[in-house]
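Data block for input.tsv (TSV, C-alpha atoms):
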chain	number	residue	atom	x	y	z
W	87	MET	CA	16.76	-19.18	6.67
W	88	SER	CA	19.01	-19.30	9.76
W	89	GLY	CA	19.46	-16.35	12.07
W	90	ILE	CA	22.97	-15.51	10.85
W	91	GLU	CA	21.86	-15.68	7.21
W	92	LEU	CA	19.10	-13.22	8.00
W	93	VAL	CA	21.64	-10.91	9.62
W	94	GLY	CA	23.83	-11.14	6.52
W	95	ASN	CA	20.92	-10.42	4.18
W	96	LEU	CA	19.90	-7.42	6.24
W	97	GLY	CA	23.48	-6.18	6.13
W	98	TYR	CA	23.60	-6.40	2.32
W	99	LEU	CA	20.17	-4.82	2.07
W	100	LEU	CA	20.84	-1.85	4.32
W	101	LEU	CA	24.29	-1.09	2.88
W	102	PHE	CA	23.12	-1.29	-0.73
W	103	SER	CA	19.97	0.70	-0.03
W	104	ALA	CA	22.07	3.40	1.65
W	105	ALA	CA	24.60	3.48	-1.21
W	106	ILE	CA	22.04	3.59	-4.03
W	107	GLY	CA	19.85	5.92	-1.99
W	108	ILE	CA	22.74	8.39	-1.71
W	109	VAL	CA	23.22	8.24	-5.48
W	110	ALA	CA	19.49	8.88	-5.99
W	111	TYR	CA	19.66	11.81	-3.58
W	112	ILE	CA	22.67	13.33	-5.37
W	113	LEU	CA	20.88	12.94	-8.70
W	114	ARG	CA	17.74	14.47	-7.15
W	115	GLN	CA	15.70	11.33	-7.75
W	116	PRO	CA	13.11	9.89	-5.33
W	117	LEU	CA	14.59	7.62	-2.67
W	118	VAL	CA	11.93	5.04	-3.52
W	119	LEU	CA	13.50	4.64	-6.93
W	120	GLY	CA	16.95	4.18	-5.38
W	121	PHE	CA	15.67	1.48	-3.03
W	122	LEU	CA	14.01	-0.36	-5.91
W	123	VAL	CA	17.23	-0.34	-7.93
W	124	ALA	CA	19.14	-1.61	-4.87
W	125	GLY	CA	16.69	-4.49	-4.58
W	126	ILE	CA	17.07	-5.40	-8.25
W	127	LEU	CA	20.86	-5.46	-7.91
W	128	ILE	CA	21.07	-7.68	-4.84
W	129	GLY	CA	17.93	-9.80	-5.35
W	130	PRO	CA	17.98	-13.44	-6.50
W	131	PHE	CA	17.42	-12.38	-10.13
W	132	GLY	CA	19.88	-9.47	-10.17
W	133	PRO	CA	23.54	-9.27	-11.25
W	134	PHE	CA	24.96	-9.57	-7.71
W	135	SER	CA	22.37	-12.05	-6.36
W	136	LEU	CA	23.45	-11.50	-2.75
W	137	ILE	CA	20.01	-12.32	-1.33
W	138	LYS	CA	18.72	-15.74	-2.33
W	139	ASP	CA	15.55	-15.91	-0.22
W	140	THR	CA	13.18	-12.95	0.03
W	141	THR	CA	10.53	-14.67	2.19
W	142	THR	CA	11.86	-13.40	5.50
W	143	LEU	CA	12.49	-9.95	4.07
W	144	SER	CA	8.86	-9.85	2.92
W	145	ASN	CA	7.86	-10.30	6.56
W	146	PHE	CA	9.91	-7.22	7.44
W	147	SER	CA	8.14	-5.33	4.65
W	148	GLU	CA	4.80	-6.07	6.35
W	149	ILE	CA	6.14	-4.40	9.48
W	150	ALA	CA	7.08	-1.42	7.32
W	151	VAL	CA	3.53	-1.08	5.98
W	152	VAL	CA	2.14	-1.13	9.54
W	153	LEU	CA	4.56	1.58	10.74
W	154	LEU	CA	3.99	3.67	7.63
W	155	LEU	CA	0.19	3.65	7.91
W	156	PHE	CA	0.30	4.15	11.67
W	157	GLY	CA	2.33	7.31	11.09
W	158	VAL	CA	-0.17	8.52	8.51
W	159	GLY	CA	-3.05	7.91	10.90
W	160	LEU	CA	-1.31	10.03	13.56
W	161	SER	CA	-1.67	13.07	11.28
W	162	PHE	CA	-5.18	12.12	10.17
W	163	PRO	CA	-7.68	12.83	12.98
W	164	ILE	CA	-11.28	11.64	12.82
W	165	THR	CA	-12.51	15.06	11.64
W	166	HIS	CA	-10.44	14.68	8.47
W	167	LEU	CA	-11.74	11.16	7.96
W	168	ARG	CA	-15.32	12.42	8.11
W	169	SER	CA	-14.67	15.34	5.77
W	170	ILE	CA	-13.49	13.16	2.87
W	171	GLY	CA	-15.95	10.33	3.45
W	172	LYS	CA	-18.40	10.87	0.56
W	173	LEU	CA	-15.87	12.23	-1.94
W	174	GLY	CA	-13.26	9.61	-1.14
W	175	SER	CA	-15.77	6.78	-1.27
W	176	VAL	CA	-17.11	7.75	-4.69
W	177	ILE	CA	-13.64	8.14	-6.19
W	178	ALA	CA	-12.46	4.82	-4.76
W	179	ILE	CA	-15.55	2.90	-5.90
W	180	ILE	CA	-15.40	4.30	-9.44
W	181	GLU	CA	-11.70	3.52	-9.79
W	182	VAL	CA	-12.06	-0.01	-8.47
W	183	MET	CA	-15.08	-0.79	-10.67
W	184	VAL	CA	-13.41	0.58	-13.81
W	185	MET	CA	-10.17	-1.31	-13.17
W	186	LEU	CA	-12.05	-4.53	-12.41
W	187	GLY	CA	-13.73	-4.28	-15.80
W	188	ILE	CA	-10.51	-3.40	-17.61
W	189	GLY	CA	-8.51	-6.15	-15.89
W	190	LEU	CA	-11.14	-8.78	-16.67
W	191	GLY	CA	-11.29	-7.66	-20.30
W	192	VAL	CA	-7.51	-7.68	-20.74
W	193	GLY	CA	-7.18	-11.15	-19.23
W	194	LEU	CA	-9.89	-12.60	-21.48
W	195	ALA	CA	-8.39	-10.82	-24.51
W	196	PHE	CA	-5.10	-12.66	-23.86
W	197	GLY	CA	-7.03	-15.92	-23.89
W	198	TRP	CA	-6.54	-16.55	-20.17
W	199	SER	CA	-9.10	-18.48	-18.12
W	200	MET	CA	-11.93	-16.70	-16.31
W	201	ILE	CA	-10.28	-17.41	-12.93
W	202	ASP	CA	-6.93	-15.95	-14.06
W	203	SER	CA	-8.74	-12.92	-15.50
W	204	MET	CA	-10.69	-12.39	-12.26
W	205	PHE	CA	-7.54	-12.44	-10.15
W	206	LEU	CA	-5.79	-10.13	-12.62
W	207	ALA	CA	-8.70	-7.70	-12.37
W	208	ALA	CA	-8.55	-7.70	-8.56
W	209	ALA	CA	-4.76	-7.25	-8.60
W	210	LEU	CA	-5.07	-4.18	-10.84
W	211	SER	CA	-7.89	-2.52	-8.93
W	212	ILE	CA	-6.13	-1.15	-5.81
W	213	SER	CA	-3.34	1.44	-5.71
W	214	SER	CA	-0.40	1.20	-3.30
W	215	THR	CA	-0.88	3.05	-0.03
W	216	ALA	CA	2.73	2.48	1.07
W	217	ILE	CA	4.29	3.85	-2.12
W	218	ILE	CA	2.09	6.92	-2.39
W	219	VAL	CA	2.48	7.86	1.28
W	220	LYS	CA	6.28	7.51	1.11
W	221	VAL	CA	6.56	9.79	-1.93
W	222	LEU	CA	4.22	12.37	-0.38
W	223	GLU	CA	6.39	12.38	2.75
W	224	GLU	CA	9.55	12.87	0.70
W	225	MET	CA	7.93	15.85	-1.00
W	226	GLY	CA	6.87	17.34	2.35
W	227	VAL	CA	3.20	17.61	1.34
W	228	ILE	CA	1.74	14.80	3.44
W	229	GLU	CA	-0.50	17.20	5.38
W	230	GLU	CA	-1.75	19.19	2.38
W	231	PRO	CA	-5.56	19.00	1.88
W	232	SER	CA	-5.10	17.26	-1.47
W	233	SER	CA	-2.78	14.69	0.12
W	234	LEU	CA	-5.28	14.00	2.89
W	235	LEU	CA	-7.95	13.40	0.25
W	236	LEU	CA	-5.61	11.07	-1.60
W	237	ILE	CA	-4.84	9.12	1.58
W	238	GLY	CA	-8.55	8.94	2.38
W	239	VAL	CA	-9.25	7.38	-1.01
W	240	LEU	CA	-6.45	4.86	-0.44
W	241	VAL	CA	-7.82	3.86	2.96
W	242	ILE	CA	-11.28	3.31	1.46
W	243	GLU	CA	-9.66	1.26	-1.31
W	244	ASP	CA	-7.98	-0.91	1.34
W	245	LEU	CA	-11.42	-1.61	2.80
W	246	ILE	CA	-12.77	-2.47	-0.65
W	247	ALA	CA	-9.74	-4.74	-1.08
W	248	ALA	CA	-10.83	-6.77	1.94
W	249	VAL	CA	-14.25	-7.30	0.34
W	250	LEU	CA	-12.64	-8.29	-2.97
W	251	ILE	CA	-10.34	-10.86	-1.37
W	252	SER	CA	-13.17	-12.44	0.60
W	253	THR	CA	-15.48	-12.47	-2.42
W	254	LEU	CA	-12.84	-14.08	-4.64
W	255	HIS	CA	-12.08	-16.67	-1.99
W	256	SER	CA	-15.72	-17.64	-1.47
W	257	SER	CA	-16.49	-17.55	-5.20
W	258	VAL	CA	-13.66	-19.97	-5.96
W	259	LEU	CA	-14.69	-22.36	-3.19
W	260	SER	CA	-18.40	-22.24	-4.05
W	261	GLY	CA	-17.90	-22.21	-7.81
W	262	GLY	CA	-19.87	-18.99	-8.34
W	263	PHE	CA	-20.33	-15.36	-7.28
W	264	ASN	CA	-21.73	-15.04	-3.74
W	265	PHE	CA	-23.55	-11.71	-3.31
W	266	ASP	CA	-24.64	-12.48	0.26
W	267	GLN	CA	-21.02	-13.06	1.26
W	268	MET	CA	-20.02	-9.69	-0.18
W	269	LEU	CA	-22.77	-7.88	1.77
W	270	TRP	CA	-21.69	-9.64	4.96
W	271	GLU	CA	-18.07	-8.54	4.42
W	272	ILE	CA	-19.18	-4.92	3.97
W	273	ALA	CA	-21.16	-5.13	7.21
W	274	ARG	CA	-18.18	-6.66	9.05
W	275	ILE	CA	-15.87	-3.88	7.87
W	276	GLY	CA	-18.34	-1.23	9.04
W	277	MET	CA	-18.64	-2.87	12.45
W	278	PHE	CA	-14.86	-3.20	12.76
W	279	ILE	CA	-14.19	0.46	11.94
W	280	GLY	CA	-17.03	1.75	14.11
W	281	GLY	CA	-16.14	-0.47	17.05
W	282	THR	CA	-12.43	0.33	16.82
W	283	ILE	CA	-12.92	4.09	16.72
W	284	ALA	CA	-15.52	4.00	19.52
W	285	PHE	CA	-13.26	1.89	21.73
W	286	GLY	CA	-10.25	4.07	20.98
W	287	CYS	CA	-11.98	7.37	21.61
W	288	LEU	CA	-13.44	6.15	24.90
W	289	GLY	CA	-10.54	4.14	26.31
W	290	MET	CA	-7.24	5.45	24.99
W	291	PRO	CA	-7.47	9.02	26.41
W	292	LYS	CA	-7.74	7.47	29.90
W	293	VAL	CA	-4.75	5.22	29.28
W	294	PHE	CA	-2.55	8.09	28.11
W	295	ALA	CA	-3.78	10.29	30.94
W	296	LEU	CA	-2.30	7.71	33.32
W	297	LEU	CA	0.92	7.50	31.27
W	298	SER	CA	1.33	11.27	31.45
W	299	ASN	CA	2.01	10.91	35.18
W	300	ILE	CA	5.06	8.72	34.47
W	301	PRO	CA	8.08	10.75	33.25
W	302	ARG	CA	9.36	8.02	30.91
W	303	TYR	CA	8.71	8.08	27.16
W	304	GLU	CA	9.36	4.33	26.78
W	305	PHE	CA	5.94	3.42	28.15
W	306	THR	CA	4.17	5.80	25.79
W	307	ILE	CA	5.87	4.40	22.69
W	308	LEU	CA	5.37	0.81	23.85
W	309	VAL	CA	1.63	1.31	24.31
W	310	ALA	CA	1.31	3.19	21.01
W	311	LEU	CA	3.18	0.57	18.97
W	312	GLY	CA	1.38	-2.22	20.83
W	313	LEU	CA	-1.93	-0.67	19.77
W	314	ALA	CA	-0.73	-0.33	16.16
W	315	PHE	CA	0.51	-3.91	15.81
W	316	GLY	CA	-2.38	-5.31	17.85
W	317	LEU	CA	-5.04	-3.69	15.67
W	318	SER	CA	-3.09	-4.66	12.53
W	319	PHE	CA	-3.08	-8.29	13.64
W	320	LEU	CA	-6.78	-8.17	14.52
W	321	SER	CA	-7.62	-6.55	11.19
W	322	ASP	CA	-5.65	-9.17	9.27
W	323	HIS	CA	-7.14	-11.99	11.37
W	324	LEU	CA	-10.64	-10.77	10.50
W	325	GLY	CA	-9.76	-10.88	6.81
W	326	PHE	CA	-9.11	-7.16	6.29
W	327	SER	CA	-5.89	-5.37	5.38
W	328	ALA	CA	-3.34	-5.10	8.20
W	329	ALA	CA	-2.71	-1.56	6.96
W	330	THR	CA	-6.32	-0.68	7.84
W	331	GLY	CA	-5.80	-1.61	11.49
W	332	ALA	CA	-2.54	0.34	11.65
W	333	PHE	CA	-4.18	3.42	10.14
W	334	LEU	CA	-7.10	3.24	12.59
W	335	ALA	CA	-4.63	2.99	15.49
W	336	GLY	CA	-3.02	6.21	14.31
W	337	VAL	CA	-6.40	7.92	13.90
W	338	ILE	CA	-7.34	6.99	17.47
W	339	LEU	CA	-4.15	8.59	18.83
W	340	ALA	CA	-4.18	11.57	16.45
W	341	GLY	CA	-6.20	13.71	18.84
W	342	SER	CA	-4.02	13.03	21.87
W	343	LYS	CA	-1.33	15.38	23.12
W	344	PHE	CA	1.23	12.60	22.59
W	345	SER	CA	0.69	12.27	18.82
W	346	GLU	CA	3.60	14.52	17.85
W	347	ASP	CA	5.97	12.84	20.31
W	348	ILE	CA	4.97	9.38	19.08
W	349	THR	CA	5.52	10.46	15.48
W	350	ASN	CA	9.03	11.71	16.26
W	351	LEU	CA	9.90	8.51	18.12
W	352	ILE	CA	8.75	6.03	15.46
W	353	THR	CA	10.06	7.91	12.41
W	354	PRO	CA	13.65	6.48	12.42
W	355	ILE	CA	12.40	2.91	12.90
W	356	ARG	CA	9.73	3.35	10.25
W	357	ASP	CA	12.19	4.74	7.71
W	358	VAL	CA	14.46	1.69	8.05
W	359	PHE	CA	11.60	-0.77	7.54
W	360	THR	CA	10.19	1.28	4.68
W	361	ALA	CA	13.53	1.02	2.88
W	362	ILE	CA	13.39	-2.74	3.42
W	363	PHE	CA	9.89	-2.79	1.92
W	364	PHE	CA	10.92	-1.15	-1.34
W	365	VAL	CA	14.18	-3.08	-1.63
W	366	THR	CA	12.17	-6.29	-1.22
W	367	ILE	CA	9.84	-5.28	-4.07
W	368	GLY	CA	12.88	-4.68	-6.26
W	369	ALA	CA	14.38	-8.01	-5.23
W	370	LEU	CA	11.20	-9.78	-6.38
W	371	MET	CA	11.67	-8.45	-9.91
W	372	ASN	CA	12.55	-11.39	-12.17
W	373	VAL	CA	14.31	-9.74	-15.10
W	374	ASN	CA	14.58	-13.13	-16.80
W	375	ILE	CA	10.87	-13.25	-17.68
W	376	ILE	CA	10.81	-9.94	-19.55
W	377	SER	CA	11.73	-11.48	-22.90
W	378	GLN	CA	9.12	-14.24	-22.59
W	379	TYR	CA	6.18	-12.16	-21.36
W	380	TRP	CA	7.16	-8.67	-22.51
W	381	LEU	CA	3.93	-8.02	-24.44
W	382	PRO	CA	1.47	-8.75	-21.56
W	383	ILE	CA	3.75	-6.85	-19.16
W	384	VAL	CA	3.87	-3.75	-21.37
W	385	ILE	CA	0.15	-3.79	-22.17
W	386	ILE	CA	-0.95	-4.35	-18.56
W	387	THR	CA	1.44	-1.63	-17.34
W	388	LEU	CA	0.05	0.91	-19.82
W	389	VAL	CA	-3.54	-0.14	-19.12
W	390	THR	CA	-2.95	0.25	-15.39
W	391	ILE	CA	-1.50	3.76	-15.63
W	392	VAL	CA	-4.06	5.04	-18.14
W	393	GLY	CA	-7.03	3.25	-16.58
W	394	LYS	CA	-6.37	4.47	-13.06
W	395	THR	CA	-5.69	8.03	-14.20
W	396	VAL	CA	-8.89	8.20	-16.24
W	397	SER	CA	-11.11	6.49	-13.65
W	398	VAL	CA	-9.95	8.76	-10.81
W	399	TYR	CA	-10.31	11.77	-13.11
W	400	LEU	CA	-13.94	10.83	-13.79
W	401	GLY	CA	-14.65	10.31	-10.09
W	402	VAL	CA	-13.21	13.69	-9.09
W	403	ARG	CA	-15.01	15.51	-11.91
W	404	LEU	CA	-18.35	14.33	-10.53
W	405	PHE	CA	-17.75	16.74	-7.64
W	406	GLN	CA	-16.78	19.62	-9.95
W	407	LEU	CA	-13.32	20.04	-8.47
W	408	GLY	CA	-11.84	21.08	-11.80
W	409	PRO	CA	-9.93	19.20	-14.52
W	410	THR	CA	-6.48	20.08	-13.16
W	411	ASN	CA	-7.31	18.73	-9.72
W	412	ALA	CA	-8.88	15.63	-11.24
W	413	LEU	CA	-5.90	14.87	-13.47
W	414	GLY	CA	-3.47	15.49	-10.62
W	415	LEU	CA	-5.23	13.01	-8.35
W	416	GLY	CA	-5.46	10.50	-11.20
W	417	LEU	CA	-1.73	10.60	-11.93
W	418	SER	CA	-0.97	10.26	-8.23
W	419	MET	CA	-2.82	6.93	-8.01
W	420	ALA	CA	-1.56	5.31	-11.23
W	421	GLN	CA	0.38	2.39	-9.77
W	422	LEU	CA	0.08	-1.01	-8.11
W	423	GLY	CA	1.65	-2.27	-4.90
W	424	GLU	CA	1.41	-4.63	-1.97
W	425	PHE	CA	-2.26	-5.53	-2.50
W	426	SER	CA	-1.52	-7.09	-5.90
W	427	PHE	CA	0.86	-9.58	-4.29
W	428	ILE	CA	-1.73	-10.40	-1.59
W	429	VAL	CA	-4.41	-11.14	-4.19
W	430	LEU	CA	-2.13	-13.37	-6.23
W	431	MET	CA	-1.00	-15.26	-3.13
W	432	VAL	CA	-4.67	-16.05	-2.42
W	433	GLY	CA	-4.99	-17.52	-5.92
W	434	GLN	CA	-1.81	-19.53	-5.49
W	435	ASP	CA	-2.84	-20.84	-2.07
W	436	LEU	CA	-6.16	-22.00	-3.53
W	437	GLY	CA	-4.32	-23.59	-6.45
W	438	VAL	CA	-6.58	-21.98	-9.06
W	439	THR	CA	-4.32	-19.49	-10.86
W	440	SER	CA	-1.75	-20.20	-13.57
W	441	SER	CA	1.96	-20.07	-12.75
W	442	PHE	CA	2.64	-17.23	-15.20
W	443	LEU	CA	0.26	-14.77	-13.52
W	444	PHE	CA	2.38	-13.95	-10.47
W	445	PRO	CA	5.60	-13.04	-12.34
W	446	ILE	CA	3.71	-10.99	-14.94
W	447	VAL	CA	1.77	-8.93	-12.40
W	448	GLY	CA	4.90	-8.76	-10.20
W	449	MET	CA	6.77	-7.10	-13.05
W	450	VAL	CA	3.88	-4.68	-13.58
W	451	VAL	CA	4.02	-3.80	-9.87
W	452	VAL	CA	7.74	-3.08	-10.12
W	453	LEU	CA	7.41	-1.03	-13.32
W	454	THR	CA	4.51	1.06	-12.03
W	455	THR	CA	6.42	1.55	-8.77
W	456	ILE	CA	9.40	2.87	-10.74
W	457	PHE	CA	7.14	5.30	-12.61
W	458	ALA	CA	5.15	6.19	-9.48
W	459	PRO	CA	7.47	8.85	-7.97
W	460	PHE	CA	7.50	10.83	-11.22
W	461	LEU	CA	3.72	10.56	-11.71
W	462	ILE	CA	2.96	11.43	-8.08
W	463	LYS	CA	5.30	14.43	-8.19
W	464	LYS	CA	3.70	15.63	-11.42
W	465	GLY	CA	0.19	15.07	-10.08
W	466	THR	CA	0.86	16.73	-6.72
W	467	ARG	CA	2.39	19.78	-8.35
W	468	MET	CA	-0.75	20.14	-10.45
W	469	LEU	CA	-2.83	20.00	-7.30
W	470	VAL	CA	-0.70	22.61	-5.56
W	471	ALA	CA	-0.79	24.84	-8.63
W	472	TYR	CA	-4.55	24.52	-8.96
Write the structure described by the file as structure tokens, please.
Amino acid sequence: MSGIELVGNLGYLLLFSAAIGIVAYILRQPLVLGFLVAGILIGPFGPFSLIKDTTTLSNFSEIAVVLLLFGVGLSFPITHLRSIGKLGSVIAIIEVMVMLGIGLGVGLAFGWSMIDSMFLAAALSISSTAIIVKVLEEMGVIEEPSSLLLIGVLVIEDLIAAVLISTLHSSVLSGGFNFDQMLWEIARIGMFIGGTIAFGCLGMPKVFALLSNIPRYEFTILVALGLAFGLSFLSDHLGFSAATGAFLAGVILAGSKFSEDITNLITPIRDVFTAIFFVTIGALMNVNIISQYWLPIVIITLVTIVGKTVSVYLGVRLFQLGPTNALGLGLSMAQLGEFSFIVLMVGQDLGVTSSFLFPIVGMVVVLTTIFAPFLIKKGTRMLVAY
């Protein structure tokens, strides 16, 4: 795609997202839903088909995820991360294990190969951090205790996702499950998180102490965003989620006196890229495959929503937090997102998955994303009421 074509695509995207977003706002619907509809309309499979190539736009969506998770980390100091450690870990592990089993069973029930079923299971196991965080922000409850727990579970899921991707990759290449590789990945993640937080807590306060002597905000925002994108790149390079590095960058800066200023400065930029992220997801929706694969799409969508709700419910109930709280958290996590596309791209790059798997799971991602704002609102209201 040439530079001027990219400019044109961004123009279509931003104008349509603004127009449909205004309609969603007037109708009191979540902006996420409006952005998705805008993407469907202007994407290569939609009625207007103004954007032919979504590859470059997908790159912008990755920037959106980094900015979104960096902003979350800024309101999520280390003390909060410690407080939800055990609870969040148990909930995340139970949900991932249950969905892995369900996904594998569904794939085999459709008569798909073991490899296709394994990649389907991995794609269904992790909820979308970007989608959930955006809806929580729209509702103004991002700093509620229940929301912090929810975000903590999502961050832990992102770490589990890194282990899943590495395990799938090594299993395909070696022709079998590699338990030693999985243990090594867990150790690497622990070292990365511990080393990052230790470095940040020791070094960054000194850096910002020096910046405080310079009466220009540009240097503060440049260093903060440089840290966010740098850690995201390092995290991705090490085989983890880029979102994990961005979140850790925010956590490191959360205790500084500049955290509120940084949040205010990055919010407009982040909102633009977040809109691009959701429009891109909508643009990837191939409405032409619905008639051919409607049964797997419907079944997998239902299984995803029910399976995630039930598995999170069971995990929360282990800590005796009450059925209302458990159901609320379960509904809030009943969707797929960016991780599903990452998993399927791994399968495609290795040349081991069938061609039908990506469009089917892609449609499930879009459908669960459409339902997500309503489920998250319902779940969060239950938590508040509890």
For this session: Counting all atoms listed in the file, figure out which residue out of W:Gly336, W:Phe134, W:Ile177, W:Leu155 gets nearest to Leu400 in chain W.
Result: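 Checking each candidate against Leu400 in chain W, we get W:Ile177 as the closest.
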Exercise. Given the choices W:Gly393, W:Pro382, W:Gly416, W:Gly433, which gets closest to Ala195 in chain W if the distance is worked out from all atoms listed in the file?
Worked result: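 The answer is W:Pro382, which sits nearest to Ala195 in chain W.
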Is there a way to get, as an mmCIF file with C-alpha atoms, keeping the file's coordinate frame, all residues within 12 Å of the point (-5.5, -22.2, -10.6) in file coordinates, counting all atoms listed in the file?
data_model
loop_
_atom_site.group_PDB
_atom_site.id
_atom_site.type_symbol
_atom_site.label_atom_id
_atom_site.label_comp_id
_atom_site.auth_asym_id
_atom_site.auth_seq_id
_atom_site.Cartn_x
_atom_site.Cartn_y
_atom_site.Cartn_z
ATOM 1 C CA TRP W 198 -6.540 -16.550 -20.170
ATOM 2 C CA SER W 199 -9.100 -18.480 -18.120
ATOM 3 C CA MET W 200 -11.930 -16.700 -16.310
ATOM 4 C CA ILE W 201 -10.280 -17.410 -12.930
ATOM 5 C CA ASP W 202 -6.930 -15.950 -14.060
ATOM 6 C CA SER W 203 -8.740 -12.920 -15.500
ATOM 7 C CA MET W 204 -10.690 -12.390 -12.260
ATOM 8 C CA PHE W 205 -7.540 -12.440 -10.150
ATOM 9 C CA VAL W 258 -13.660 -19.970 -5.960
ATOM 10 C CA LEU W 259 -14.690 -22.360 -3.190
ATOM 11 C CA LEU W 430 -2.130 -13.370 -6.230
ATOM 12 C CA MET W 431 -1.000 -15.260 -3.130
ATOM 13 C CA VAL W 432 -4.670 -16.050 -2.420
ATOM 14 C CA GLY W 433 -4.990 -17.520 -5.920
ATOM 15 C CA GLN W 434 -1.810 -19.530 -5.490
ATOM 16 C CA ASP W 435 -2.840 -20.840 -2.070
ATOM 17 C CA LEU W 436 -6.160 -22.000 -3.530
ATOM 18 C CA GLY W 437 -4.320 -23.590 -6.450
ATOM 19 C CA VAL W 438 -6.580 -21.980 -9.060
ATOM 20 C CA THR W 439 -4.320 -19.490 -10.860
ATOM 21 C CA SER W 440 -1.750 -20.200 -13.570
ATOM 22 C CA SER W 441 1.960 -20.070 -12.750
ATOM 23 C CA PHE W 442 2.640 -17.230 -15.200
ATOM 24 C CA LEU W 443 0.260 -14.770 -13.520
ATOM 25 C CA PHE W 444 2.380 -13.950 -10.470
#
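Between CA of Ile212 in chain W and CA of Ile338 in chain W the separation is 24.7 Å.
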Give me the residues of range 89-182 of chain W that have any atom at most 12 Å from an atom of range 217-228 of chain W; for each, the nearest atom pair and the distance in Å, rounded to one decimal. Use only C-alpha atoms, sort by chain and number, and format it as a tab-separated table.
residue	atom	partner	partner_atom	distance
W:Tyr111	CA	W:Glu224	CA	11.0
W:Arg114	CA	W:Glu224	CA	11.5
W:Gln115	CA	W:Glu224	CA	10.6
W:Pro116	CA	W:Val221	CA	7.4
W:Leu117	CA	W:Glu224	CA	8.0
W:Val118	CA	W:Val221	CA	7.3
W:Leu119	CA	W:Val221	CA	10.0
W:Phe121	CA	W:Ile217	CA	11.7
W:Leu122	CA	W:Ile217	CA	11.3
W:Ala150	CA	W:Lys220	CA	10.9
W:Val151	CA	W:Ile217	CA	9.5
W:Leu153	CA	W:Lys220	CA	11.4
W:Leu154	CA	W:Val219	CA	7.8
W:Leu155	CA	W:Val219	CA	8.2
W:Phe156	CA	W:Val219	CA	11.2
W:Gly157	CA	W:Val219	CA	9.8
W:Val158	CA	W:Val219	CA	7.7
W:Gly159	CA	W:Val219	CA	11.1
W:Leu160	CA	W:Ile228	CA	11.6
W:Ser161	CA	W:Ile228	CA	8.7
W:Phe162	CA	W:Ile228	CA	10.0
For this session: Could you give me, as a ChimeraX atom specification, the residues within 10 Å of Ser397 in chain W, counting only C-alpha atoms and dropping anything in the same chain fewer than 6 positions from it?
Result: /W:177-185,403,412-413,416,420
Problem set entry | range 91-106 of chain W environment, 7 Å, all atoms listed in the file, sequence neighbours closer than 6 positions dropped, as a PyMOL selection string | chain W and resi 120-121+124+137
Problem set entry | Option closest in space to Val249 in chain W, from W:Asp347, W:Glu304, W:Asp322, W:Glu271 [counting all atoms listed in the file] |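 Ranking W:Asp347, W:Glu304, W:Asp322, W:Glu271 by distance to Val249 in chain W, first place goes to W:Glu271.
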Exercise. Which of these residues is nearest to Leu370 in chain W, using only C-alpha atoms: W:Val309, W:Val447, W:Ile383, W:Ala335?
Worked result: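 Of W:Val309, W:Val447, W:Ile383, W:Ala335, the one nearest Leu370 in chain W, counting only C-alpha atoms, is W:Val447.
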Problem set entry | Pairwise distance for CA of Ser213 in chain W and CA of Leu407 in chain W, rounded to one decimal in Å |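 Those two atoms sit 21.3 Å apart.
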Exercise. To one decimal place, how far is CA of Met371 in chain W from CA of Phe131 in chain W in Å?
Worked result: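 Going from CA of Met371 in chain W over to CA of Phe131 in chain W covers 7.0 Å.
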Exercise. Near Gly276 in chain W, counting only C-alpha atoms, which residues have an atom at most 12 Å away, once you skip same-chain residues fewer than 5 positions from it, shown as a ChimeraX atom specification?
Worked result: /W:242,245-246,248-249,269-271,281-283,326
Seminar exercise, completed: If you count only C-alpha atoms, the residue of W:Thr306, W:Ser345, W:Asn350, W:Thr366 closest to Lys138 in chain W turns out to be W:Thr366
Could you work out an axis-aligned box for range 175-183 of chain W, taking every atom the file lists and adding 6 Å on each side, and report centre and edge lengths in Å to one decimal, as AutoDock Vina command-line options?
--center_x -14.4 --center_y 3.7 --center_z -6.0 --size_x 17.4 --size_y 20.9 --size_z 21.4
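Nearest residue to Ser426 in chain W, choosing from W:Ile391, W:Val452, W:Leu236, W:Ile348 and counting only C-alpha atoms: W:Val452.
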